[in-house]
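This is entry.txt (compact mmCIF, C-alpha atoms and all ligand atoms).
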```txt
# COMPACT_ATOMS: atom_id res chain seq x y z
CA MET A 1 5.34 119.07 262.33
CA ILE A 2 4.48 115.42 261.76
CA SER A 3 3.01 114.15 264.98
CA ASN A 4 1.16 111.20 266.42
CA HIS A 5 2.29 108.65 263.89
CA GLU A 6 3.52 105.22 264.74
CA GLN A 7 3.29 103.93 261.23
CA SER A 8 6.39 104.03 259.06
CA PHE A 9 6.37 106.04 255.86
CA PRO A 10 6.34 105.71 252.96
CA SER A 11 3.28 103.55 252.55
CA PRO A 12 1.89 103.03 249.05
CA PRO A 13 -1.29 104.85 248.05
CA PRO A 14 -4.44 102.89 248.89
CA SER A 15 -5.65 101.23 245.69
CA LYS A 16 -9.19 102.55 246.29
CA LEU A 17 -7.82 106.10 246.29
CA VAL A 18 -6.02 105.50 243.01
CA GLN A 19 -9.26 104.13 241.54
CA HIS A 20 -11.23 107.13 242.76
CA VAL A 21 -8.81 109.61 241.20
CA ARG A 22 -8.84 107.63 237.96
CA ALA A 23 -12.62 107.80 237.91
CA ALA A 24 -12.82 111.51 238.84
CA ARG A 25 -13.32 114.36 236.41
CA ARG A 26 -13.61 117.27 238.80
CA ILE A 27 -11.51 117.31 241.96
CA ALA A 28 -11.72 119.77 244.84
CA VAL A 29 -8.61 119.78 247.04
CA LEU A 30 -8.85 121.39 250.47
CA THR A 31 -5.42 122.13 251.89
CA GLY A 32 -4.21 123.30 255.29
CA ALA A 33 -0.92 124.10 256.95
CA GLY A 34 0.30 120.47 256.74
CA MET A 35 0.56 120.91 252.98
CA SER A 36 3.41 123.37 253.52
CA ALA A 37 5.01 121.60 256.52
CA GLU A 38 7.62 119.87 254.37
CA SER A 39 8.56 123.25 252.91
CA GLY A 40 9.60 124.20 256.44
CA VAL A 41 6.55 126.35 257.17
CA PRO A 42 5.27 125.54 260.67
CA THR A 43 1.68 124.38 261.11
CA PHE A 44 -0.57 126.19 263.58
CA ARG A 45 -1.63 123.52 266.08
CA ASP A 46 1.36 121.22 266.38
CA ALA A 47 1.77 120.87 270.15
CA ARG A 48 5.44 121.95 270.20
CA GLN A 49 6.41 123.65 266.94
CA GLY A 50 3.00 125.05 265.95
CA MET A 51 2.52 128.79 265.53
CA TRP A 52 -0.20 128.86 268.16
CA ALA A 53 1.99 126.93 270.61
CA ARG A 54 4.65 129.64 270.32
CA PHE A 55 2.55 132.77 269.78
CA ASP A 56 -0.75 133.91 271.24
CA PRO A 57 -3.33 134.30 268.44
CA ALA A 58 -5.35 136.72 270.60
CA LYS A 59 -2.35 139.09 270.50
CA LEU A 60 -1.58 138.62 266.80
CA ALA A 61 -4.51 137.38 264.76
CA THR A 62 -7.54 139.48 265.64
CA ARG A 63 -8.72 142.92 264.58
CA GLN A 64 -8.62 144.02 268.22
CA ALA A 65 -4.96 142.98 268.47
CA PHE A 66 -4.15 145.09 265.39
CA GLU A 67 -5.97 148.08 266.87
CA ARG A 68 -4.06 147.69 270.16
CA ASP A 69 -0.63 147.08 268.63
CA PRO A 70 -0.56 147.76 264.87
CA ALA A 71 3.24 147.84 264.63
CA GLY A 72 3.68 144.54 266.52
CA VAL A 73 0.99 142.72 264.55
CA TRP A 74 2.21 144.10 261.21
CA SER A 75 5.81 143.20 261.91
CA TRP A 76 4.92 139.65 263.05
CA HIS A 77 3.07 139.09 259.76
CA GLN A 78 5.97 140.55 257.77
CA GLY A 79 8.36 138.18 259.56
CA HIS A 80 6.11 135.27 258.59
CA ARG A 81 5.97 136.56 255.01
CA ARG A 82 9.77 136.77 254.89
CA ASP A 83 10.08 133.16 256.15
CA ILE A 84 7.68 132.00 253.46
CA MET A 85 9.61 133.87 250.76
CA ARG A 86 12.63 131.82 251.77
CA ALA A 87 10.66 128.55 251.54
CA THR A 88 9.98 126.69 248.30
CA PRO A 89 7.10 124.49 247.16
CA ASN A 90 7.60 120.86 248.20
CA ALA A 91 7.04 117.67 246.24
CA GLY A 92 3.40 117.63 247.38
CA HIS A 93 2.65 121.06 245.90
CA LEU A 94 4.35 120.09 242.64
CA ALA A 95 2.51 116.78 242.36
CA LEU A 96 -0.83 118.55 242.86
CA ARG A 97 0.03 120.86 239.96
CA GLU A 98 0.84 117.81 237.81
CA MET A 99 -2.39 116.07 238.82
CA ALA A 100 -4.37 119.04 237.53
CA HIS A 101 -2.92 118.33 234.07
CA LEU A 102 -3.71 114.59 233.89
CA ASP A 103 -5.59 114.13 230.64
CA TRP A 104 -8.88 112.89 232.15
CA ILE A 105 -9.13 115.68 234.74
CA GLU A 106 -11.46 118.49 233.66
CA ASP A 107 -10.86 120.61 236.72
CA LEU A 108 -8.72 120.41 239.83
CA THR A 109 -9.16 123.39 242.10
CA VAL A 110 -7.13 123.91 245.25
CA ILE A 111 -9.14 125.52 248.04
CA THR A 112 -6.52 126.51 250.56
CA GLN A 113 -6.65 127.80 254.11
CA ASN A 114 -2.99 128.66 253.78
CA ILE A 115 -1.87 132.24 253.68
CA ASP A 116 1.38 131.36 251.89
CA ASP A 117 1.84 131.45 248.11
CA LEU A 118 3.35 127.98 247.66
CA HIS A 119 0.49 126.58 245.52
CA GLU A 120 0.91 129.58 243.20
CA ARG A 121 4.68 129.17 243.06
CA ALA A 122 4.14 125.48 242.25
CA ARG A 123 1.92 126.80 239.40
CA SER A 124 -1.29 125.03 240.36
CA PRO A 125 -3.78 126.40 237.84
CA ASN A 126 -6.78 127.13 240.12
CA VAL A 127 -6.24 128.27 243.69
CA ILE A 128 -8.83 129.79 246.02
CA HIS A 129 -7.55 131.40 249.24
CA LEU A 130 -10.18 131.11 251.96
CA HIS A 131 -8.09 132.88 254.61
CA GLY A 132 -6.51 135.58 252.46
CA SER A 133 -2.81 135.91 251.82
CA LEU A 134 0.30 137.33 253.43
CA PHE A 135 1.16 138.66 249.99
CA ALA A 136 -1.83 140.97 249.97
CA ALA A 137 -2.52 143.99 252.15
CA GLN A 138 -5.36 146.44 252.38
CA CYS A 139 -6.40 149.60 254.16
CA SER A 140 -7.85 148.81 257.58
CA SER A 141 -10.36 151.61 257.09
CA CYS A 142 -11.42 151.97 253.42
CA GLY A 143 -10.37 148.45 252.33
CA LYS A 144 -8.36 149.63 249.32
CA PRO A 145 -5.71 147.05 248.31
CA HIS A 146 -2.19 148.24 249.07
CA PRO A 147 0.72 146.98 246.96
CA LEU A 148 3.51 145.22 248.86
CA PRO A 149 7.11 145.31 247.64
CA ASP A 150 8.06 142.56 245.21
CA CYS A 151 9.02 139.29 246.96
CA GLU A 152 12.27 138.70 245.10
CA ALA A 153 13.45 142.21 245.80
CA THR A 154 12.55 142.12 249.47
CA SER A 155 13.40 138.57 250.55
CA LYS A 156 16.77 139.72 251.88
CA SER A 157 16.02 143.31 252.78
CA LEU A 158 12.49 143.20 254.21
CA ASP A 159 12.54 145.23 257.41
CA VAL A 160 10.11 143.38 259.61
CA GLN A 161 10.45 145.99 262.35
CA GLU A 162 8.84 148.71 260.25
CA GLY A 163 5.26 149.59 261.20
CA PRO A 164 2.33 149.37 258.80
CA PRO A 165 2.33 151.74 255.82
CA LYS A 166 -0.40 154.32 255.33
CA CYS A 167 -3.17 153.92 252.77
CA ASN A 168 -2.53 155.93 249.56
CA CYS A 169 -6.20 156.79 249.42
CA CYS A 170 -7.35 157.75 252.95
CA GLY A 171 -4.11 157.80 254.96
CA GLN A 172 -5.27 155.19 257.48
CA MET A 173 -3.18 152.16 258.45
CA VAL A 174 -2.69 149.29 256.04
CA ARG A 175 -3.29 145.78 257.48
CA PRO A 176 -2.20 142.31 256.37
CA GLY A 177 -4.57 140.75 253.82
CA VAL A 178 -5.33 137.71 255.96
CA ILE A 179 -8.56 136.69 257.66
CA TRP A 180 -8.23 136.91 261.42
CA PHE A 181 -10.20 135.14 264.13
CA GLY A 182 -13.70 136.58 264.37
CA GLU A 183 -13.71 137.86 260.78
CA ASN A 184 -15.86 136.62 257.93
CA LEU A 185 -14.36 134.75 255.03
CA PRO A 186 -14.25 136.71 251.76
CA GLU A 187 -17.67 136.18 250.18
CA ARG A 188 -16.48 135.64 246.63
CA GLU A 189 -13.90 133.01 247.61
CA TRP A 190 -16.39 131.17 249.81
CA MET A 191 -19.00 131.08 247.01
CA ASP A 192 -16.36 129.86 244.54
CA ALA A 193 -15.24 127.15 246.98
CA MET A 194 -18.83 125.98 247.56
CA SER A 195 -19.54 125.89 243.86
CA CYS A 196 -16.35 123.92 243.25
CA VAL A 197 -17.39 121.39 245.93
CA GLU A 198 -20.89 121.14 244.46
CA GLN A 199 -19.47 120.21 241.07
CA ALA A 200 -16.71 117.89 242.30
CA ASP A 201 -16.90 114.12 242.14
CA LEU A 202 -13.86 113.74 244.42
CA MET A 203 -12.48 115.80 247.28
CA LEU A 204 -8.98 115.44 248.74
CA VAL A 205 -8.50 116.97 252.19
CA ILE A 206 -4.78 117.40 252.75
CA GLY A 207 -2.90 118.62 255.82
CA THR A 208 -5.65 120.26 257.83
CA SER A 209 -6.78 119.59 261.39
CA GLY A 210 -10.32 120.56 260.38
CA ARG A 211 -10.58 122.66 263.53
CA VAL A 212 -11.43 125.98 261.88
CA GLN A 213 -14.88 126.85 260.60
CA PRO A 214 -16.32 127.44 258.12
CA ALA A 215 -13.56 125.78 256.06
CA ALA A 216 -14.14 122.51 257.93
CA LEU A 217 -17.72 122.49 256.63
CA LEU A 218 -16.55 121.89 253.06
CA PRO A 219 -15.77 118.16 253.43
CA GLU A 220 -19.11 117.71 255.22
CA ALA A 221 -20.90 119.51 252.40
CA ALA A 222 -19.12 117.30 249.89
CA ARG A 223 -20.15 114.11 251.72
CA ARG A 224 -23.76 115.25 251.81
CA LEU A 225 -23.58 115.68 248.04
CA ASP A 226 -22.27 112.10 247.65
CA CYS A 227 -18.86 113.32 246.61
CA VAL A 228 -16.10 110.86 247.55
CA VAL A 229 -13.88 112.43 250.25
CA TRP A 230 -10.33 111.25 251.07
CA VAL A 231 -8.29 112.65 253.94
CA ILE A 232 -4.50 112.64 253.62
CA ASN A 233 -2.71 113.43 256.86
CA PRO A 234 -0.05 111.73 259.01
CA ASP A 235 -2.12 112.30 262.15
CA ARG A 236 -4.88 109.87 263.03
CA GLU A 237 -6.79 112.65 264.85
CA ALA A 238 -7.38 114.48 261.60
CA MET A 239 -9.05 111.45 260.03
CA ARG A 240 -12.29 111.54 261.91
CA PRO A 241 -14.99 111.07 260.69
CA ALA A 242 -13.39 110.10 257.40
CA ASP A 243 -14.01 106.57 256.28
CA ARG A 244 -11.50 107.05 253.49
CA SER A 245 -8.12 108.17 254.71
CA TRP A 246 -4.44 107.70 254.09
CA ARG A 247 -2.04 108.35 256.95
CA ALA A 248 0.87 109.92 255.12
CA PRO A 249 2.65 113.28 254.85
CA ALA A 250 1.68 115.32 251.78
CA GLY A 251 5.21 115.54 250.42
CA HIS A 252 5.35 111.76 250.19
CA ALA A 253 1.70 111.03 249.47
CA MET A 254 1.05 113.28 246.50
CA PRO A 255 4.10 112.29 244.39
CA ALA A 256 3.46 108.59 245.22
CA LEU A 257 -0.16 108.98 244.15
CA LEU A 258 0.88 110.76 240.96
CA ARG A 259 3.32 107.96 240.10
CA GLU A 260 0.52 105.38 240.43
CA LEU A 261 -1.82 107.48 238.31
CA ARG A 262 0.78 107.70 235.56
CA VAL A 263 1.22 103.92 235.35
CA PRO A 264 -0.41 103.03 232.04
CA GLY A 265 -3.27 100.60 232.47
CA CYS A 266 -6.96 100.22 233.04
CA ARG A 267 -8.91 103.37 233.71
P1 LIG B 1 -3.42 123.10 261.78
O1 LIG B 1 -2.11 123.48 262.35
O2 LIG B 1 -4.63 123.22 262.64
O3 LIG B 1 -3.36 121.59 261.25
C1 LIG B 1 -2.30 121.14 260.46
C2 LIG B 1 -2.56 119.71 260.07
O4 LIG B 1 -1.49 119.30 259.20
C3 LIG B 1 -2.60 118.71 261.22
O5 LIG B 1 -3.73 117.88 261.09
C4 LIG B 1 -1.30 117.88 261.03
O6 LIG B 1 -1.45 116.52 261.43
C5 LIG B 1 -1.14 117.98 259.54
N1 LIG B 1 0.24 117.75 259.04
C6 LIG B 1 1.42 117.98 259.66
N2 LIG B 1 2.45 117.67 258.85
C7 LIG B 1 1.91 117.25 257.70
C8 LIG B 1 2.44 116.80 256.46
N3 LIG B 1 3.75 116.74 256.25
N4 LIG B 1 1.58 116.43 255.47
C9 LIG B 1 0.24 116.50 255.67
N5 LIG B 1 -0.32 116.91 256.82
C10 LIG B 1 0.50 117.28 257.82
O7 LIG B 1 -3.58 123.96 260.43
P2 LIG B 1 -4.90 124.25 259.58
O8 LIG B 1 -5.84 123.10 259.64
O9 LIG B 1 -4.46 124.71 258.26
O10 LIG B 1 -5.74 130.59 259.93
O11 LIG B 1 -5.51 125.46 260.40
C11 LIG B 1 -6.60 126.21 259.90
C12 LIG B 1 -6.42 127.68 260.14
O12 LIG B 1 -6.12 127.92 261.52
C13 LIG B 1 -5.27 128.29 259.39
O13 LIG B 1 -5.61 128.66 258.08
C14 LIG B 1 -4.90 129.48 260.22
C15 LIG B 1 -5.10 128.94 261.61
O14 LIG B 1 -5.45 129.88 262.57
C16 LIG B 1 -5.18 131.69 259.33
O15 LIG B 1 -4.01 131.74 259.04
C17 LIG B 1 -6.08 132.82 259.04
```
Structure encoded using structure tokens:
Amino acid sequence: MISNHEQSFPSPPPSKLVQHVRAARRIAVLTGAGMSAESGVPTFRDARQGMWARFDPAKLATRQAFERDPAGVWSWHQGHRRDIMRATPNAGHLALREMAHLDWIEDLTVITQNIDDLHERARSPNVIHLHGSLFAAQCSSCGKPHPLPDCEATSKSLDVQEGPPKCNCCGQMVRPGVIWFGENLPEREWMDAMSCVEQADLMLVIGTSGRVQPAALLPEAARRLDCVVWVINPDREAMRPADRSWRAPAGHAMPALLRELRVPGCR
């Protein structure tokens, strides 16, 4: 999952970054698949291991694909959900939760593109899902939310070959609660994310290639509002156009940053 890095890890957090977090009151954190990479969840665009190197998104992650092959698309998402149930939050997720509780931080909101539940399981207090969640499902026709079996209960027995259930309300097929290519982001979540960025004095962009819109607009919006933006990613490609970046994997970077922040001293 970690690609294109010649530099050896771990490197210490840049002192400017430590200063910026110490000076911040409201932090917006945009996360992508790299945040969960060290939990064993594959990213999407890694050239060899990435989801979209192994599977065709046009056959799995569009509304048209679901209409053509509802059982195949449903069962692929359930397989992904089962793999995520077996994963656990990594040190990066846990450090982000701890950062939210530092005594000078008024708000730290995680705006995630991830469809896993690892920020929630790490107990981060504020999490906005821009791309929905594998742990939600809704009717493909009337939109009514459809309960999925409890994770604990199903992690061993989930039958990923079963087709989609039927909506309790209108009897149509239930679909995964994720945002597919060509679909709009949920309005409420997008508004909440924008408002969080507007109020933030610091934004951390962790583990995203920045290749998917409109999520990739958020760091740009933050820069326009004079919010300090730091990119944390092991891949140099993901840094552009960031002038403030730290080439490091999230599972190393976030605990190392937290340790520095906890050192008593000048604030
Ligand atoms: P990508 O797969 O496009 O990018 C993952 C990023 O994580 C890359 O920049 C990697 O360099 C970086 N990375 C890898 N390992 C890392 C680590 N240990 N720590 C930090 N960073 C690491 O994933 P996203 O940017 O999240 O949509 O992709 C955006 C959206 O495209 C996803 O939400 C998904 C996909 O289609 C849906 O699921 C709806």
Just checking: using all atoms listed in the file, which residue out of A:Met239, A:Ala33, A:Ala53, A:Met99 ends up closest to ligand LIG 1 (chain B)? A:Ala33
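The smallest atom-to-atom distance between Ser36 of chain A and any of A:His119, A:His77, A:His101, A:Arg68, using all atoms listed in the file, is found for A:His119.
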Taking only C-alpha atoms and all ligand atoms and a cut-off of 6 Å, can you tell me which residues surround ligand LIG 1 (chain B), written as a PDB file with C-alpha atoms, in the frame of the given file?
```
ATOM      1  CA  MET A   1       5.340 119.070 262.330  1.00  0.00           C
ATOM      2  CA  ILE A   2       4.480 115.420 261.760  1.00  0.00           C
ATOM      3  CA  GLY A  32      -4.210 123.300 255.290  1.00  0.00           C
ATOM      4  CA  ALA A  33      -0.920 124.100 256.950  1.00  0.00           C
ATOM      5  CA  GLY A  34       0.300 120.470 256.740  1.00  0.00           C
ATOM      6  CA  MET A  35       0.560 120.910 252.980  1.00  0.00           C
ATOM      7  CA  ALA A  37       5.010 121.600 256.520  1.00  0.00           C
ATOM      8  CA  GLU A  38       7.620 119.870 254.370  1.00  0.00           C
ATOM      9  CA  THR A  43       1.680 124.380 261.110  1.00  0.00           C
ATOM     10  CA  PHE A  44      -0.570 126.190 263.580  1.00  0.00           C
ATOM     11  CA  ARG A  45      -1.630 123.520 266.080  1.00  0.00           C
ATOM     12  CA  ASP A  46       1.360 121.220 266.380  1.00  0.00           C
ATOM     13  CA  GLN A 113      -6.650 127.800 254.110  1.00  0.00           C
ATOM     14  CA  ASN A 114      -2.990 128.660 253.780  1.00  0.00           C
ATOM     15  CA  ILE A 115      -1.870 132.240 253.680  1.00  0.00           C
ATOM     16  CA  HIS A 131      -8.090 132.880 254.610  1.00  0.00           C
ATOM     17  CA  VAL A 178      -5.330 137.710 255.960  1.00  0.00           C
ATOM     18  CA  ILE A 179      -8.560 136.690 257.660  1.00  0.00           C
ATOM     19  CA  TRP A 180      -8.230 136.910 261.420  1.00  0.00           C
ATOM     20  CA  ILE A 206      -4.780 117.400 252.750  1.00  0.00           C
ATOM     21  CA  GLY A 207      -2.900 118.620 255.820  1.00  0.00           C
ATOM     22  CA  THR A 208      -5.650 120.260 257.830  1.00  0.00           C
ATOM     23  CA  SER A 209      -6.780 119.590 261.390  1.00  0.00           C
ATOM     24  CA  GLY A 210     -10.320 120.560 260.380  1.00  0.00           C
ATOM     25  CA  VAL A 212     -11.430 125.980 261.880  1.00  0.00           C
ATOM     26  CA  ASN A 233      -2.710 113.430 256.860  1.00  0.00           C
ATOM     27  CA  PRO A 234      -0.050 111.730 259.010  1.00  0.00           C
ATOM     28  CA  ASP A 235      -2.120 112.300 262.150  1.00  0.00           C
ATOM     29  CA  ALA A 238      -7.380 114.480 261.600  1.00  0.00           C
ATOM     30  CA  PRO A 249       2.650 113.280 254.850  1.00  0.00           C
ATOM     31  CA  ALA A 250       1.680 115.320 251.780  1.00  0.00           C
TER      32      ALA A 250
END
```
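Here atom CA of Glu162 of chain A stands at a distance of 13.8 Å from atom CA of His80 of chain A.
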Would you kindly identify which residues have an atom no farther than 9 Å from (7.2, 129.8, 248.4), using all atoms listed in the file and the file's own coordinates, and write them out as an NGL selection string? :A and (39 or 83-90 or 116-122)
Expected file: the selected residues, C-alpha atoms, as a compact mmCIF listing (two decimals), in the frame of the given file:
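Wrote again.txt, looks like this:
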```txt
# COMPACT_ATOMS: atom_id res chain seq x y z
CA SER A 39 8.56 123.25 252.91
CA ASP A 83 10.08 133.16 256.15
CA ILE A 84 7.68 132.00 253.46
CA MET A 85 9.61 133.87 250.76
CA ARG A 86 12.63 131.82 251.77
CA ALA A 87 10.66 128.55 251.54
CA THR A 88 9.98 126.69 248.30
CA PRO A 89 7.10 124.49 247.16
CA ASN A 90 7.60 120.86 248.20
CA ASP A 116 1.38 131.36 251.89
CA ASP A 117 1.84 131.45 248.11
CA LEU A 118 3.35 127.98 247.66
CA HIS A 119 0.49 126.58 245.52
CA GLU A 120 0.91 129.58 243.20
CA ARG A 121 4.68 129.17 243.06
CA ALA A 122 4.14 125.48 242.25
```
Tell me, as an mmCIF file with C-alpha atoms, keeping the file's coordinate frame, which residues lie within 6 Å of Trp230 of chain A, counting all atoms listed in the file; anything in the same chain fewer than 4 positions away does not count.
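Contents of result13.cif, freshly written:
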```cif
data_model
loop_
_atom_site.group_PDB
_atom_site.id
_atom_site.type_symbol
_atom_site.label_atom_id
_atom_site.label_comp_id
_atom_site.auth_asym_id
_atom_site.auth_seq_id
_atom_site.Cartn_x
_atom_site.Cartn_y
_atom_site.Cartn_z
ATOM 1 C CA LEU A 204 -8.980 115.440 248.740
ATOM 2 C CA ARG A 244 -11.500 107.050 253.490
ATOM 3 C CA SER A 245 -8.120 108.170 254.710
#
```
Could you tell me how far atom CA of Ala222 of chain A lies from atom CA of Met203 of chain A, in Å and to one decimal? 7.3 Å
Nearest to Leu225 of chain A, restricted to only C-alpha atoms and choosing among A:Val197, A:Met51, A:Leu30, A:Val205, comes out as A:Val197
Determine the nearest neighbour of Ser140 of chain A from the options A:Ser124, A:Trp74, A:His93, A:Leu202, counting only C-alpha atoms. A:Trp74
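One finds atom CA of Trp190 of chain A at 24.2 Å from atom CA of Ala58 of chain A.
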Quick one: everything within 12 Å of Ala28 of chain A, counting all atoms listed in the file, minus sequence neighbours fewer than 5 positions away in the same chain. Send it as a ChimeraX atom specification. /A:21,96,99-100,105-112,126-128,192-206,218-219,221-222,227-230
Which residue out of A:Ala95, A:Ala137, A:Phe181, A:Pro42 has the minimum interatomic distance to Ala61 of chain A when all atoms listed in the file are used? A:Phe181
